[in-house]
Structure formats: structure tokens, C-alpha cells
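Structure file input_24.cif (mmCIF, C-alpha atoms and all ligand atoms) follows.
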```cif
data_run
#
loop_
_atom_site.label_atom_id
_atom_site.label_comp_id
_atom_site.auth_asym_id
_atom_site.auth_seq_id
_atom_site.Cartn_x
_atom_site.Cartn_y
_atom_site.Cartn_z
CA MET K 1 53.25 3.56 33.69
CA ILE K 2 51.54 4.13 37.03
CA CYS K 3 52.01 1.19 39.39
CA VAL K 4 49.56 1.32 42.31
CA ALA K 5 50.16 -0.71 45.48
CA HIS K 6 46.71 -2.29 45.79
CA ARG K 7 45.57 -2.25 49.46
CA GLY K 8 49.27 -1.53 50.20
CA SER K 9 51.81 -4.34 49.81
CA SER K 10 48.87 -6.66 50.33
CA GLY K 11 50.48 -9.73 48.74
CA GLU K 12 52.99 -9.91 51.60
CA TYR K 13 51.36 -8.02 54.49
CA PRO K 14 47.80 -7.79 55.85
CA GLU K 15 45.81 -5.77 53.29
CA ASN K 16 44.71 -2.20 54.05
CA THR K 17 46.84 -1.91 57.21
CA LEU K 18 49.40 0.77 58.06
CA LEU K 19 52.03 -2.00 57.93
CA ALA K 20 51.10 -2.83 54.32
CA PHE K 21 51.09 0.87 53.32
CA ARG K 22 54.44 1.59 55.03
CA ARG K 23 56.06 -1.44 53.40
CA ALA K 24 54.79 -0.37 49.96
CA LEU K 25 56.24 3.13 50.41
CA GLU K 26 59.53 1.65 51.63
CA ALA K 27 59.64 -0.54 48.50
CA GLY K 28 59.40 2.65 46.40
CA ALA K 29 55.67 2.83 45.66
CA THR K 30 54.43 6.37 45.03
CA TRP K 31 50.80 5.32 44.48
CA LEU K 32 48.73 3.55 47.14
CA GLU K 33 45.16 2.29 46.90
CA LEU K 34 42.77 1.64 49.79
CA ASP K 35 39.06 1.04 50.39
CA VAL K 36 36.87 3.03 52.78
CA HIS K 37 33.73 2.21 54.76
CA LEU K 38 31.88 4.13 57.47
CA SER K 39 31.73 2.97 61.09
CA ALA K 40 28.40 3.19 62.95
CA ASP K 41 29.51 6.54 64.38
CA GLY K 42 30.43 7.95 60.98
CA GLU K 43 34.23 7.57 60.94
CA LEU K 44 36.03 6.71 57.70
CA ILE K 45 37.89 3.48 58.15
CA VAL K 46 40.10 1.52 55.80
CA ILE K 47 38.78 -1.96 55.08
CA HIS K 48 37.74 -3.74 51.89
CA ASP K 49 34.74 -5.89 52.80
CA GLU K 50 31.48 -4.71 54.36
CA SER K 51 31.85 -7.52 56.91
CA LEU K 52 34.70 -8.15 59.31
CA GLU K 53 35.29 -11.92 58.97
CA ARG K 54 37.80 -12.19 56.12
CA THR K 55 40.37 -9.64 57.25
CA THR K 56 39.92 -9.31 61.03
CA ASN K 57 39.25 -11.44 64.11
CA GLY K 58 35.81 -9.83 64.42
CA SER K 59 32.48 -10.77 62.88
CA GLY K 60 29.43 -8.91 61.63
CA LEU K 61 28.95 -5.84 59.50
CA VAL K 62 31.53 -3.04 59.74
CA GLY K 63 28.75 -0.44 59.78
CA ASN K 64 27.20 -1.94 62.92
CA PHE K 65 30.23 -1.10 65.09
CA CYS K 66 31.55 2.20 66.39
CA LEU K 67 35.16 3.20 65.87
CA GLN K 68 36.22 2.28 69.41
CA GLU K 69 34.95 -1.29 68.94
CA LEU K 70 36.52 -1.65 65.50
CA ARG K 71 39.89 -0.39 66.71
CA ARG K 72 40.14 -3.26 69.22
CA LEU K 73 40.14 -5.84 66.41
CA ASP K 74 43.21 -7.44 64.88
CA ALA K 75 43.43 -6.81 61.13
CA GLY K 76 46.46 -9.12 60.86
CA ARG K 77 49.86 -9.30 62.61
CA GLY K 78 48.46 -7.26 65.47
CA GLU K 79 47.59 -4.29 63.22
CA ALA K 80 44.46 -2.24 63.90
CA ILE K 81 42.00 -1.25 61.18
CA PRO K 82 43.35 2.17 60.13
CA LEU K 83 41.47 5.43 59.91
CA LEU K 84 41.63 7.11 56.51
CA ALA K 85 43.31 10.08 58.23
CA GLU K 86 46.16 7.83 59.44
CA VAL K 87 46.97 6.76 55.89
CA LEU K 88 46.76 10.34 54.63
CA ALA K 89 49.36 11.23 57.26
CA LEU K 90 51.80 8.66 55.82
CA LEU K 91 51.96 10.32 52.41
CA GLY K 92 55.02 12.20 51.25
CA GLU K 93 54.80 15.22 48.92
CA LYS K 94 55.20 13.10 45.79
CA ASP K 95 52.88 10.28 46.84
CA THR K 96 49.35 9.74 45.56
CA LEU K 97 46.57 8.03 47.44
CA ASN K 98 43.72 6.40 45.51
CA ILE K 99 40.78 6.33 47.89
CA GLU K 100 38.15 3.83 46.78
CA LEU K 101 34.68 4.75 48.07
CA LYS K 102 33.37 1.32 48.97
CA GLY K 103 30.66 1.74 51.59
CA LYS K 104 27.35 3.57 51.19
CA GLY K 105 27.64 7.19 52.34
CA THR K 106 31.42 7.35 51.98
CA GLY K 107 31.28 9.86 49.09
CA SER K 108 30.02 12.85 51.04
CA VAL K 109 31.91 12.06 54.28
CA THR K 110 35.21 11.59 52.40
CA ALA K 111 34.61 14.89 50.60
CA MET K 112 34.14 16.66 53.97
CA LEU K 113 37.31 15.16 55.42
CA LEU K 114 39.47 15.94 52.37
CA LYS K 115 38.10 19.48 52.15
CA GLU K 116 39.44 20.11 55.66
CA TRP K 117 42.84 18.58 54.83
CA LEU K 118 43.03 20.63 51.61
CA GLU K 119 41.99 23.88 53.33
CA ARG K 120 44.58 23.34 56.07
CA GLY K 121 47.23 22.72 53.36
CA GLN K 122 47.96 19.27 54.80
CA ILE K 123 47.49 17.67 51.40
CA LYS K 124 47.46 18.84 47.78
CA PRO K 125 44.91 17.90 45.11
CA GLU K 126 47.66 16.14 43.12
CA ASN K 127 48.16 13.70 46.02
CA LEU K 128 44.65 12.31 45.61
CA LEU K 129 42.54 10.22 43.25
CA ILE K 130 39.04 9.20 44.31
CA SER K 131 37.42 6.14 42.75
CA SER K 132 34.34 3.97 43.11
CA PHE K 133 32.29 1.23 41.46
CA SER K 134 29.31 3.40 42.48
CA PRO K 135 28.55 6.43 40.26
CA ALA K 136 26.23 7.64 43.06
CA GLU K 137 29.09 7.87 45.58
CA LEU K 138 31.22 9.70 42.99
CA PHE K 139 28.40 12.20 42.37
CA HIS K 140 28.04 12.75 46.14
CA PHE K 141 31.79 13.26 46.38
CA ARG K 142 31.83 15.70 43.42
CA ARG K 143 29.13 17.78 45.11
CA GLY K 144 31.36 18.15 48.17
CA VAL K 145 34.71 18.77 46.47
CA SER K 146 34.68 19.87 42.85
CA GLU K 147 38.36 20.00 41.92
CA LEU K 148 39.75 16.54 42.71
CA ARG K 149 40.52 13.75 40.23
CA LEU K 150 37.84 11.04 40.01
CA ALA K 151 37.77 7.54 38.53
CA ILE K 152 35.06 4.99 37.85
CA ILE K 153 35.85 1.32 38.55
CA CYS K 154 34.28 -1.34 36.31
CA ASP K 155 34.27 -5.12 36.52
CA GLN K 156 31.93 -5.19 33.54
CA LEU K 157 31.43 -2.60 30.84
CA PRO K 158 28.62 -0.12 31.63
CA GLU K 159 26.57 0.99 28.62
CA ASN K 160 26.85 4.65 29.56
CA LEU K 161 30.57 4.68 30.36
CA TRP K 162 31.53 7.67 28.22
CA GLY K 163 28.44 9.62 29.33
CA LEU K 164 29.38 9.02 32.96
CA ALA K 165 32.95 10.04 32.22
CA GLU K 166 31.67 13.37 30.93
CA SER K 167 29.12 14.11 33.61
CA LEU K 168 31.50 13.18 36.43
CA ARG K 169 34.49 14.83 34.70
CA LEU K 170 36.51 11.66 35.24
CA TRP K 171 40.30 11.58 35.16
CA SER K 172 40.56 7.83 34.63
CA CYS K 173 38.68 4.54 34.24
CA HIS K 174 39.79 1.52 36.26
CA PHE K 175 38.91 -1.77 34.57
CA GLU K 176 39.14 -5.40 35.59
CA ARG K 177 42.17 -6.35 33.48
CA THR K 178 40.48 -8.94 31.18
CA LEU K 179 37.95 -6.33 29.93
CA ILE K 180 40.58 -4.12 28.36
CA THR K 181 41.02 -3.95 24.59
CA ASP K 182 43.24 -1.71 22.51
CA GLU K 183 40.15 -0.05 20.94
CA MET K 184 38.84 0.82 24.39
CA VAL K 185 42.17 2.29 25.45
CA ALA K 186 42.35 4.32 22.22
CA GLU K 187 38.80 5.67 22.74
CA ALA K 188 39.53 6.55 26.38
CA HIS K 189 42.70 8.39 25.35
CA ARG K 190 40.83 10.20 22.58
CA ARG K 191 38.50 11.47 25.33
CA GLY K 192 41.40 12.51 27.55
CA LEU K 193 40.89 9.63 30.01
CA ARG K 194 43.53 7.32 31.43
CA VAL K 195 43.01 3.56 31.71
CA LEU K 196 44.19 1.59 34.74
CA ALA K 197 43.90 -2.21 35.10
CA PHE K 198 43.29 -4.32 38.21
CA THR K 199 44.59 -6.60 39.64
CA VAL K 200 47.89 -7.40 37.95
CA ASN K 201 50.16 -9.72 39.87
CA GLN K 202 52.33 -11.20 37.11
CA HIS K 203 55.03 -9.49 35.12
CA SER K 204 53.85 -11.16 31.87
CA GLU K 205 50.35 -9.70 32.40
CA LEU K 206 51.86 -6.29 33.06
CA GLN K 207 53.68 -6.54 29.72
CA ARG K 208 50.51 -7.63 27.87
CA LEU K 209 48.60 -4.65 29.27
CA GLU K 210 51.46 -2.30 28.50
CA LYS K 211 51.19 -3.36 24.85
CA LEU K 212 47.47 -2.50 24.91
CA GLY K 213 48.50 1.00 25.97
CA VAL K 214 47.17 1.08 29.54
CA ASP K 215 48.39 3.95 31.71
CA GLY K 216 48.64 2.04 34.96
CA VAL K 217 48.06 -1.13 36.92
CA PHE K 218 47.04 -2.10 40.45
CA THR K 219 49.18 -4.81 41.99
CA ASP K 220 49.30 -6.69 45.29
CA PHE K 221 53.03 -7.26 44.75
CA PHE K 222 54.54 -3.82 44.23
CA ALA K 223 57.95 -4.94 45.50
CA THR K 224 58.35 -7.61 42.80
CA ILE K 225 55.94 -6.96 39.89
CA LEU K 226 58.30 -4.65 38.01
CA MET K 227 61.01 -7.33 37.97
CA ARG K 228 61.14 -9.91 35.20
CA GLN K 229 59.78 -13.20 36.59
O1 LIG I 1 40.37 0.02 42.45
C1 LIG I 1 40.79 -1.18 41.93
C2 LIG I 1 40.34 -2.32 42.80
O2 LIG I 1 40.70 -2.03 44.14
C3 LIG I 1 38.86 -2.57 42.73
O3 LIG I 1 38.50 -3.78 43.28
O4 LIG I 1 37.64 -5.26 45.02
O5 LIG I 1 40.06 -4.74 44.95
O6 LIG I 1 38.46 -3.00 45.68
P1 LIG I 1 38.66 -4.20 44.80
MG MG I 2 39.82 -1.36 46.05
#
```
Turn the structure described in the file into C-alpha cells.
Ligand code: G3P
Ligand code: MG
Amino acid sequence: MICVAHRGSSGEYPENTLLAFRRALEAGATWLELDVHLSADGELIVIHDESLERTTNGSGLVGNFCLQELRRLDAGRGEAIPLLAEVLALLGEKDTLNIELKGKGTGSVTAMLLKEWLERGQIKPENLLISSFSPAELFHFRRGVSELRLAIICDQLPENLWGLAESLRLWSCHFERTLITDEMVAEAHRRGLRVLAFTVNQHSELQRLEKLGVDGVFTDFFATILMRQ
């Protein structure tokens, strides 16, 4: 069972910060998830919302500010908003980073950045999984880098899910946990796809999903979710 530290150890530390990612790795996580947006000057930054209010001391839309302005903000406990490259640099050989393409335009820019890292041998394809709610961003990404693992994220069931899975050559489907049924998991597996569930913060829910046959979960509480509660 894959257990992904969702936005790092975000249940205990400010989400999507280097602090939260470091703490998750220290707790033994080998899978991290983060969300990317583009700054006004085209840098890939790690933040969940398109606006700054909820997770920083700034306000307004992320995409209206350049990197230098965004880096001055406090994303919690004095942490700066990280660059995607800073989180990539934290990964060990056995770690996997799930990069969620959140903002418009992130597909092609992320593909360009990862291509450079892959060509320089700074990261291996098996260290990466790229996901998005947006099929368009996944298609843009696929055009830039053809060999990496991709996942679609769904908070409701799309009619053309299996068609998308084929045309995007998906590795996995990431579903909001209450959507998942055993028939769906069986069909995904029949098609060679893995099923991951988000967001799972209780051990009893982890066990329920395990019984349905899911291959992995996203949790805000990596350090404690695997323990019986
Ligand atoms: O990728 C799983 C999950 O991160 C998707 O939802 O809103 O937490 O990015 P959200
Ligand atoms: Mg996410």
C-alpha cells in the first residue's frame, strides 16, 4: 500500500512547505505530494490555492506576483513558499514525488523543468508521478515529456474516465475516497491502472479502503495514520 504524505506532513506542519516535506521524510514517508502554480514571472512554486490568503500572510492571486515578491511571504512558522526545484532537491534515491499540476500553464512548464533534471541525471523517472484534475494540463505535460507516470485526479466520476486513461497512458487514478467502489477498483486493475484515495486521515478509513483493494492513500498525518487509533 502506497502511503503519500499529502502536502507533506500537513496535519502537523504548514502545508506545502519545506518544513512539512522534511518532517514527512524524517517520519519515514517515501512518497510526497505537492501542488504547483506559476508565479507572474513563470516560476513553478509550491502552493495549493490560486490565492494567497489561506496559507500565507499575503493576499491576492498567486499568478499576479513575481517570485521575489512571493518569497517574502510567510507560509507558516516563518517558512517561505518553496520552489518546485527545492522540493526535488530534498528527494532521496528511493523517494517519489507526486507533483499535482494545479495552476493553468503548469503542465508544459513542469515538463520543461523535469526534462532538464532528467537529462542532467539529477532525478530518475521512477522518482516522479505527475497528476492533475485537468486533463488539458496532463496532455500539455505529456507533449513535453513522454515517459513519465501520469495520474488523473477526480472528485466526481468523469464519463470518459477509461478513454482518458488510454489516451493519456495513465499509471493511476486518484479518487476522492467516498467515490471508490470495489467494482471500480477491479475495472481499474483489469486495465492495468492503480487506484489511490484522498484524503485519508483515519486508520479505520484506511482499513476500509484497503478492503476495497485500493493501491494507495493520501494522508495529512503520515506519522500516525499507519498506527491503530
Ligand atoms: O492529489 C490528491 C489531492 O491532493 C487532490 O486534492 O485539493 O488536496 O490538491 P487537493
Ligand atoms: Mg494536491
Which residues, written as a ChimeraX atom specification, have at least one atom at most 9 Å from region 6-17 of chain K, with all atoms listed in the file counted and residues fewer than 6 positions away on the same chain left out? /K:23-25,27,29,31-35,46-48,55,75-77,79-82,87,198-199,201,218-223
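Closest approach to ligand LIG 1 (chain I) from the set K:Thr56, K:Ser39, K:Thr110, K:Ser172 is made by K:Ser172, with distances taken over all atoms listed in the file.
Nearest to ligand LIG 1 (chain I) of all the residues K:Gln68, K:Thr30, K:Ser108, K:Ser131 is K:Ser131, counting all atoms listed in the file.
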Using all atoms listed in the file for the distances, tell me which of K:Lys115, K:Lys102, K:Lys124, K:Arg143 is nearest to ligand LIG 1 (chain I). K:Lys102
Check the smallest atom-to-atom distance from each of K:Val4, K:Ala89, K:Leu129, K:Leu209 to Glu147 (chain K) using only C-alpha atoms, then report the winner.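 Closest to Glu147 (chain K) of all the choices is K:Leu129.
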